[in-house]
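Structure file final_39.cif (mmCIF, C-alpha atoms) follows.
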data_work
#
loop_
_atom_site.label_atom_id
_atom_site.label_comp_id
_atom_site.auth_asym_id
_atom_site.auth_seq_id
_atom_site.Cartn_x
_atom_site.Cartn_y
_atom_site.Cartn_z
CA MET U 1 -30.45 -20.51 -8.05
CA PRO U 2 -29.92 -20.03 -11.82
CA HIS U 3 -31.19 -16.66 -13.08
CA ILE U 4 -32.94 -16.45 -16.45
CA LEU U 5 -33.63 -13.31 -18.49
CA THR U 6 -36.80 -13.62 -20.59
CA ILE U 7 -37.22 -11.04 -23.34
CA GLU U 8 -40.78 -11.43 -24.65
CA ASP U 9 -43.30 -8.75 -25.64
CA ASP U 10 -46.37 -10.99 -25.49
CA GLU U 11 -47.58 -10.74 -21.91
CA ALA U 12 -49.37 -14.11 -21.84
CA THR U 13 -46.40 -15.98 -23.32
CA ALA U 14 -43.97 -14.21 -20.99
CA GLY U 15 -46.05 -15.19 -17.97
CA GLU U 16 -46.25 -18.83 -19.04
CA VAL U 17 -42.50 -19.01 -19.69
CA ALA U 18 -41.70 -17.42 -16.31
CA ARG U 19 -44.02 -19.72 -14.38
CA GLU U 20 -42.62 -22.82 -16.08
CA LEU U 21 -39.01 -21.81 -15.45
CA GLU U 22 -39.76 -20.94 -11.83
CA SER U 23 -41.34 -24.39 -11.36
CA HIS U 24 -37.96 -25.83 -12.38
CA GLY U 25 -36.14 -23.84 -9.70
CA PHE U 26 -35.05 -20.83 -11.78
CA SER U 27 -35.48 -17.18 -10.91
CA VAL U 28 -36.75 -15.09 -13.84
CA THR U 29 -36.43 -11.47 -14.87
CA LEU U 30 -39.00 -10.39 -17.48
CA THR U 31 -38.87 -7.55 -19.96
CA ALA U 32 -41.03 -6.79 -22.99
CA SER U 33 -38.53 -4.34 -24.45
CA GLY U 34 -35.71 -5.41 -26.73
CA ALA U 35 -33.63 -2.37 -25.81
CA GLU U 36 -34.11 -2.99 -22.09
CA GLY U 37 -33.38 -6.69 -22.60
CA LEU U 38 -30.14 -5.84 -24.35
CA ARG U 39 -29.14 -3.50 -21.52
CA LEU U 40 -29.89 -6.12 -18.88
CA ALA U 41 -28.18 -8.94 -20.75
CA ALA U 42 -25.08 -6.86 -21.44
CA GLY U 43 -24.78 -6.19 -17.71
CA GLY U 44 -24.34 -9.90 -17.01
CA GLY U 45 -25.55 -11.89 -14.04
CA PHE U 46 -27.79 -14.26 -16.00
CA ASP U 47 -27.28 -17.98 -16.56
CA ALA U 48 -29.39 -18.07 -19.74
CA ILE U 49 -31.62 -15.90 -21.92
CA THR U 50 -34.89 -16.74 -23.65
CA LEU U 51 -35.20 -14.28 -26.51
CA ASP U 52 -38.22 -13.60 -28.73
CA ARG U 53 -37.15 -13.34 -32.36
CA MET U 54 -39.64 -10.59 -33.26
CA LEU U 55 -39.85 -7.64 -30.89
CA PRO U 56 -41.41 -4.25 -31.65
CA ASP U 57 -38.41 -2.06 -30.89
CA LEU U 58 -35.30 -4.22 -31.43
CA ASP U 59 -35.42 -7.64 -33.02
CA GLY U 60 -33.91 -10.73 -31.42
CA LEU U 61 -31.26 -11.22 -34.09
CA SER U 62 -29.85 -7.75 -33.42
CA ILE U 63 -29.86 -8.34 -29.68
CA ALA U 64 -28.04 -11.67 -29.99
CA SER U 65 -25.43 -10.39 -32.45
CA THR U 66 -24.81 -7.27 -30.35
CA LEU U 67 -24.31 -9.32 -27.20
CA ARG U 68 -21.84 -11.63 -28.93
CA SER U 69 -19.93 -8.68 -30.39
CA ARG U 70 -19.56 -7.32 -26.84
CA GLY U 71 -18.18 -10.62 -25.59
CA VAL U 72 -21.31 -11.69 -23.67
CA LYS U 73 -21.37 -15.50 -23.72
CA THR U 74 -24.63 -16.12 -21.84
CA PRO U 75 -26.45 -18.95 -23.66
CA ILE U 76 -29.46 -17.79 -25.69
CA LEU U 77 -32.60 -19.73 -26.58
CA MET U 78 -34.14 -17.98 -29.58
CA ILE U 79 -37.95 -18.30 -29.67
CA SER U 80 -39.74 -17.52 -32.92
CA ALA U 81 -42.99 -18.00 -34.82
CA LEU U 82 -40.90 -18.29 -38.00
CA ASP U 83 -40.36 -22.00 -38.62
CA ASP U 84 -38.09 -22.53 -41.58
CA VAL U 85 -34.49 -23.61 -42.08
CA ASP U 86 -33.24 -20.17 -43.14
CA GLU U 87 -34.63 -18.53 -40.01
CA ARG U 88 -33.05 -21.17 -37.79
CA VAL U 89 -29.70 -20.59 -39.48
CA ARG U 90 -30.03 -16.80 -39.05
CA GLY U 91 -30.87 -17.22 -35.38
CA LEU U 92 -27.91 -19.49 -34.70
CA ARG U 93 -25.49 -17.38 -36.74
CA ALA U 94 -26.58 -14.25 -34.86
CA GLY U 95 -25.48 -15.90 -31.64
CA GLY U 96 -28.33 -18.10 -30.51
CA ASP U 97 -27.38 -21.39 -28.89
CA ASP U 98 -30.74 -23.04 -29.62
CA TYR U 99 -33.89 -22.23 -31.60
CA LEU U 100 -37.47 -23.04 -30.60
CA THR U 101 -40.56 -22.34 -32.71
CA LYS U 102 -43.97 -21.22 -31.50
CA PRO U 103 -46.21 -22.82 -30.38
CA PHE U 104 -44.03 -24.92 -28.11
CA ALA U 105 -44.41 -27.17 -25.09
CA LEU U 106 -43.35 -25.27 -21.98
CA SER U 107 -41.67 -28.38 -20.59
CA GLU U 108 -39.50 -28.61 -23.73
CA MET U 109 -38.55 -24.94 -23.41
CA ALA U 110 -37.46 -25.46 -19.80
CA ALA U 111 -35.55 -28.61 -20.70
CA ARG U 112 -33.64 -26.76 -23.42
CA VAL U 113 -32.74 -23.99 -21.01
CA GLU U 114 -31.42 -26.55 -18.53
CA VAL U 115 -29.31 -28.20 -21.25
CA MET U 116 -27.86 -24.84 -22.32
CA ILE U 117 -26.89 -23.99 -18.75
CA ARG U 118 -25.24 -27.37 -18.15
CA ARG U 119 -23.32 -27.10 -21.41
CA SER U 120 -22.23 -23.55 -20.64
CA ARG U 121 -21.01 -24.46 -17.16
CA SER U 122 -19.13 -27.47 -18.50
CA GLU U 123 -17.34 -25.31 -21.07
CA ALA U 124 -16.56 -22.68 -18.44
CA ASP U 125 -15.02 -25.32 -16.19
CA ARG U 126 -12.70 -26.43 -18.99
CA LEU U 127 -11.59 -22.84 -19.55
CA THR U 128 -10.90 -22.15 -15.88
CA LEU U 129 -8.24 -23.80 -13.75
CA LYS U 130 -8.79 -23.84 -9.99
CA TYR U 131 -6.93 -25.01 -6.92
CA ALA U 132 -7.74 -24.05 -3.34
CA ASP U 133 -8.72 -20.34 -3.54
CA LEU U 134 -6.64 -19.77 -6.69
CA GLU U 135 -8.24 -19.44 -10.12
CA LEU U 136 -6.94 -18.77 -13.65
CA ASP U 137 -9.16 -17.91 -16.62
CA LEU U 138 -7.46 -19.38 -19.69
CA VAL U 139 -9.38 -17.14 -22.10
CA SER U 140 -8.82 -13.72 -20.55
CA HIS U 141 -5.55 -14.73 -18.83
CA THR U 142 -6.80 -13.19 -15.60
CA ALA U 143 -6.10 -14.74 -12.21
CA ARG U 144 -7.63 -14.40 -8.77
CA ARG U 145 -6.80 -15.58 -5.32
CA GLY U 146 -9.93 -15.38 -3.24
CA GLU U 147 -11.47 -11.98 -3.94
CA ARG U 148 -8.14 -10.46 -4.98
CA GLU U 149 -7.32 -10.02 -8.66
CA LEU U 150 -3.72 -10.76 -9.60
CA ARG U 151 -1.89 -8.71 -12.20
CA LEU U 152 0.44 -11.14 -13.93
CA PHE U 153 2.96 -10.86 -16.72
CA PRO U 154 2.57 -13.28 -19.67
CA LYS U 155 5.33 -15.63 -18.43
CA GLU U 156 3.78 -15.61 -14.95
CA VAL U 157 0.44 -16.61 -16.47
CA ARG U 158 2.09 -19.51 -18.30
CA LEU U 159 3.95 -20.52 -15.15
CA LEU U 160 0.77 -20.40 -13.06
CA GLU U 161 -1.06 -22.46 -15.68
CA LEU U 162 1.64 -25.13 -15.45
CA PHE U 163 1.31 -25.28 -11.67
CA LEU U 164 -2.49 -25.40 -11.81
CA ARG U 165 -2.46 -28.22 -14.34
CA ASN U 166 -0.16 -30.19 -12.06
CA PRO U 167 -1.23 -29.45 -8.47
CA GLU U 168 0.56 -31.25 -5.63
CA GLN U 169 3.15 -32.60 -8.07
CA ILE U 170 6.84 -31.73 -8.01
CA LEU U 171 7.85 -29.79 -11.10
CA THR U 172 11.56 -29.89 -11.77
CA ARG U 173 13.38 -26.85 -13.12
CA THR U 174 13.96 -28.71 -16.36
CA MET U 175 10.23 -29.39 -16.74
CA ILE U 176 9.34 -25.78 -15.99
CA PHE U 177 11.94 -24.41 -18.37
CA GLN U 178 10.82 -26.62 -21.25
CA GLU U 179 7.10 -25.99 -20.72
CA VAL U 180 7.22 -22.24 -20.11
CA TRP U 181 10.23 -21.10 -22.14
CA GLY U 182 10.30 -23.93 -24.66
CA TYR U 183 14.03 -24.39 -25.06
CA SER U 184 16.78 -26.42 -23.47
CA PHE U 185 17.44 -25.86 -19.79
CA ASP U 186 20.54 -23.96 -18.77
CA PRO U 187 21.40 -25.15 -15.25
CA GLY U 188 23.40 -21.99 -14.64
CA THR U 189 20.50 -19.56 -15.05
CA ASN U 190 18.32 -18.26 -12.22
CA LEU U 191 15.51 -17.30 -14.61
CA ILE U 192 13.06 -19.79 -13.11
CA ASP U 193 13.80 -18.78 -9.53
CA VAL U 194 13.27 -15.11 -10.37
CA HIS U 195 9.90 -15.76 -12.01
CA VAL U 196 8.71 -18.13 -9.27
CA ARG U 197 9.70 -15.57 -6.65
CA GLY U 198 7.73 -12.86 -8.48
CA LEU U 199 4.71 -15.11 -8.84
CA ARG U 200 4.82 -16.03 -5.15
CA GLN U 201 4.85 -12.39 -4.15
CA LYS U 202 1.69 -11.79 -6.14
CA LEU U 203 -0.08 -14.93 -4.92
CA ASP U 204 0.65 -14.55 -1.22
CA ALA U 205 -0.94 -11.49 0.33
CA PRO U 206 0.17 -10.66 3.88
CA GLY U 207 -1.17 -13.34 6.19
CA ALA U 208 -2.07 -15.76 3.39
CA SER U 209 -0.66 -19.27 3.46
CA PRO U 210 1.92 -19.91 0.72
CA LEU U 211 0.85 -22.06 -2.23
CA ILE U 212 4.08 -22.57 -4.19
CA HIS U 213 6.65 -24.51 -2.17
CA THR U 214 10.32 -25.17 -2.86
CA VAL U 215 11.26 -28.85 -2.84
CA ARG U 216 14.98 -28.86 -2.07
CA GLY U 217 17.06 -30.50 -4.76
CA SER U 218 14.00 -31.16 -6.94
CA GLY U 219 12.00 -28.10 -7.93
CA TYR U 220 8.67 -26.57 -6.93
CA CYS U 221 5.21 -27.78 -5.96
CA LEU U 222 1.78 -26.13 -5.81
CA ARG U 223 0.32 -27.31 -2.53
CA ALA U 224 -2.17 -25.96 0.00
CA ASP U 225 -0.94 -26.78 3.50
#

Would you encode the structure as structure tokens?
Amino acid sequence: MPHILTIEDDEATAGEVARELESHGFSVTLTASGAEGLRLAAGGGFDAITLDRMLPDLDGLSIASTLRSRGVKTPILMISALDDVDERVRGLRAGGDDYLTKPFALSEMAARVEVMIRRSRSEADRLTLKYADLELDLVSHTARRGERELRLFPKEVRLLELFLRNPEQILTRTMIFQEVWGYSFDPGTNLIDVHVRGLRQKLDAPGASPLIHTVRGSGYCLRAD
């Protein structure tokens, strides 16, 4: 169930927003405090945020810009009574993904939240490569197999990316060399074998089934048996 953080100091508006979102299948956490909202949002765990532009303790623009400066990418719907072009631009530049003016139709608010979540998940999918229980984040260059985080060197990250972009396909040594190292293949070097061996050791915990297989006379293949 998608989890929404609603930061709104008007009790009646907050209640209406929460009830509408819950009717669409969302769970909602409410806070009337900008400072508390910032703390909660910075901690992660939310699929979207509805954020009142004007709060008594910390305004919405400051919250949005602070979250973005900390690397928090949760989509934000900025809600404001200020309806002019300059305010919309300020809200979006601060880090808002959408801007809605008061008064608004609750159904439109919920629809915009749904669109933001779908868009965010689509972008996340493009930035993450997955195969079986293996996952590589192309932004942070972090990898996981199941619940285990893998500590990879830069060339191992590039090598893993190549395998994940071509699962269940045979990658020849020439292809690997050109894609990962970017210069002509030297058939006499064991550079590829050394790096593949190191990557395998990190991927395959004791008892785990191997994912990178040697194809004799051809190269390597990422395959879940």

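Between Gly71 of chain U and the residues U:Ser140, U:Ser209, U:Gln178, U:Thr189, the shortest atom-to-atom distance, using all atoms listed in the file, involves U:Ser140.
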
Take the PyMOL selection byres ((chain U and resi 14) around 12), apply it to the structure above, and return the hits as a count of residues only.
27

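When all atoms listed in the file are used to measure the gap to Asp204 of chain U, the shortest distance among U:Gly34, U:Gly217, U:Gly146, U:Pro154 belongs to U:Gly146.
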
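The residue set within 9 Å of Lys102 of chain U, counting all atoms listed in the file and dropping same-chain residues fewer than 6 places from it, reads Ile79, Ser80, Ala81, Leu82 and Asp83 of chain U.
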
Once the PyMOL selection byres ((chain U and resi 169) around 12) has been evaluated on this model, what residues remain selected, and can you format them as a list in words?
Leu162, Phe163, Leu164, Arg165, Asn166, Pro167, Glu168, Ile170, Leu171, Thr172, Met175, Ile212, His213, Thr214, Val215, Ser218, Gly219, Tyr220, Cys221, Leu222, Arg223 and Ala224 of chain U

Taking only C-alpha atoms, show segment 5-20 of chain U of the given structure as a PDB file, in the first residue's frame.
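Contents of the output file decode.pdb:
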ATOM      1  CA  LEU U   5       2.984  12.059   4.086  1.00  0.00           C
ATOM      2  CA  THR U   6       0.602  15.032   4.357  1.00  0.00           C
ATOM      3  CA  ILE U   7       2.072  18.192   5.863  1.00  0.00           C
ATOM      4  CA  GLU U   8      -0.859  20.546   6.473  1.00  0.00           C
ATOM      5  CA  ASP U   9      -1.547  22.835   9.436  1.00  0.00           C
ATOM      6  CA  ASP U  10      -5.257  23.334   8.736  1.00  0.00           C
ATOM      7  CA  GLU U  11      -6.983  20.511  10.575  1.00  0.00           C
ATOM      8  CA  ALA U  12     -10.095  20.432   8.371  1.00  0.00           C
ATOM      9  CA  THR U  13      -8.092  20.408   5.128  1.00  0.00           C
ATOM     10  CA  ALA U  14      -5.717  17.762   6.478  1.00  0.00           C
ATOM     11  CA  GLY U  15      -8.634  15.523   7.409  1.00  0.00           C
ATOM     12  CA  GLU U  16     -10.255  15.886   3.989  1.00  0.00           C
ATOM     13  CA  VAL U  17      -6.983  15.146   2.187  1.00  0.00           C
ATOM     14  CA  ALA U  18      -6.325  12.072   4.342  1.00  0.00           C
ATOM     15  CA  ARG U  19      -9.815  10.655   3.864  1.00  0.00           C
ATOM     16  CA  GLU U  20      -9.678  11.148   0.097  1.00  0.00           C
TER      17      GLU U  20
END
